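Please read the structure below before turning to the comments.
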Amino acid sequence: MKRLTICLIAICAVSLAAMPAFAAGQGPGEAAGQAIVDTVANGCKVEIESYCAGVTPGEGRVLACLYANGDKLSGMCEYALYDAAAQLERAVSLLTFVASECADDLKKQKTLRRG
């Protein structure tokens, strides 16, 4: 179970770092991004208050703290991390689908703007 927790924390951290606007709750993904942050914040509230109280939020520092304390996480926190990772996966899949479906339109717009 510990390995799964570490993997889930890593997925969350990498995904959030790779999508700063999404993670910061900006633009169209605001509600989804905030829901993911809230999932971890609520599910890991005890752990964040106990082990990560002195950590300045942002840039994945709280997730890094949770990773460092992975052996102390409750089942509730582990589930919250799993749920957050699943939400991120669904969001990335949706974005990939939309980008794929709109690829031709995006290329046309790019061409029109250059021309």
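By order in the structure tokens, chains are A, B, ...; within a chain, residues start at 1; ligands start at 1, following the order shown.
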Could you produce a table of the residues of segment 49-72 of chain A lying within 12 Å of segment 78-102 of chain A, with the nearest pair of atoms per residue and their separation in Å rounded to one decimal, using only C-alpha atoms, ordered by chain and increasing residue number, as a tab-separated table?
```
residue	atom	partner	partner_atom	distance
A:Leu63	CA	A:Leu81	CA	9.4
A:Leu66	CA	A:Leu81	CA	9.8
A:Tyr67	CA	A:Leu81	CA	10.6
A:Asn69	CA	A:Glu78	CA	11.5
A:Gly70	CA	A:Glu78	CA	8.8
A:Asp71	CA	A:Glu78	CA	10.3
A:Lys72	CA	A:Glu78	CA	10.0
```
Kindly save the residues from that selection, with C-alpha atoms included, as a CSV table (one decimal), in the first residue's frame.
```csv
chain,number,residue,atom,x,y,z
A,63,LEU,CA,2.5,17.1,-1.7
A,66,LEU,CA,2.9,14.2,2.4
A,67,TYR,CA,5.4,12.1,0.4
A,69,ASN,CA,5.5,11.3,5.6
A,70,GLY,CA,4.0,8.6,3.5
A,71,ASP,CA,4.4,5.9,6.1
A,72,LYS,CA,2.3,7.9,8.5
```
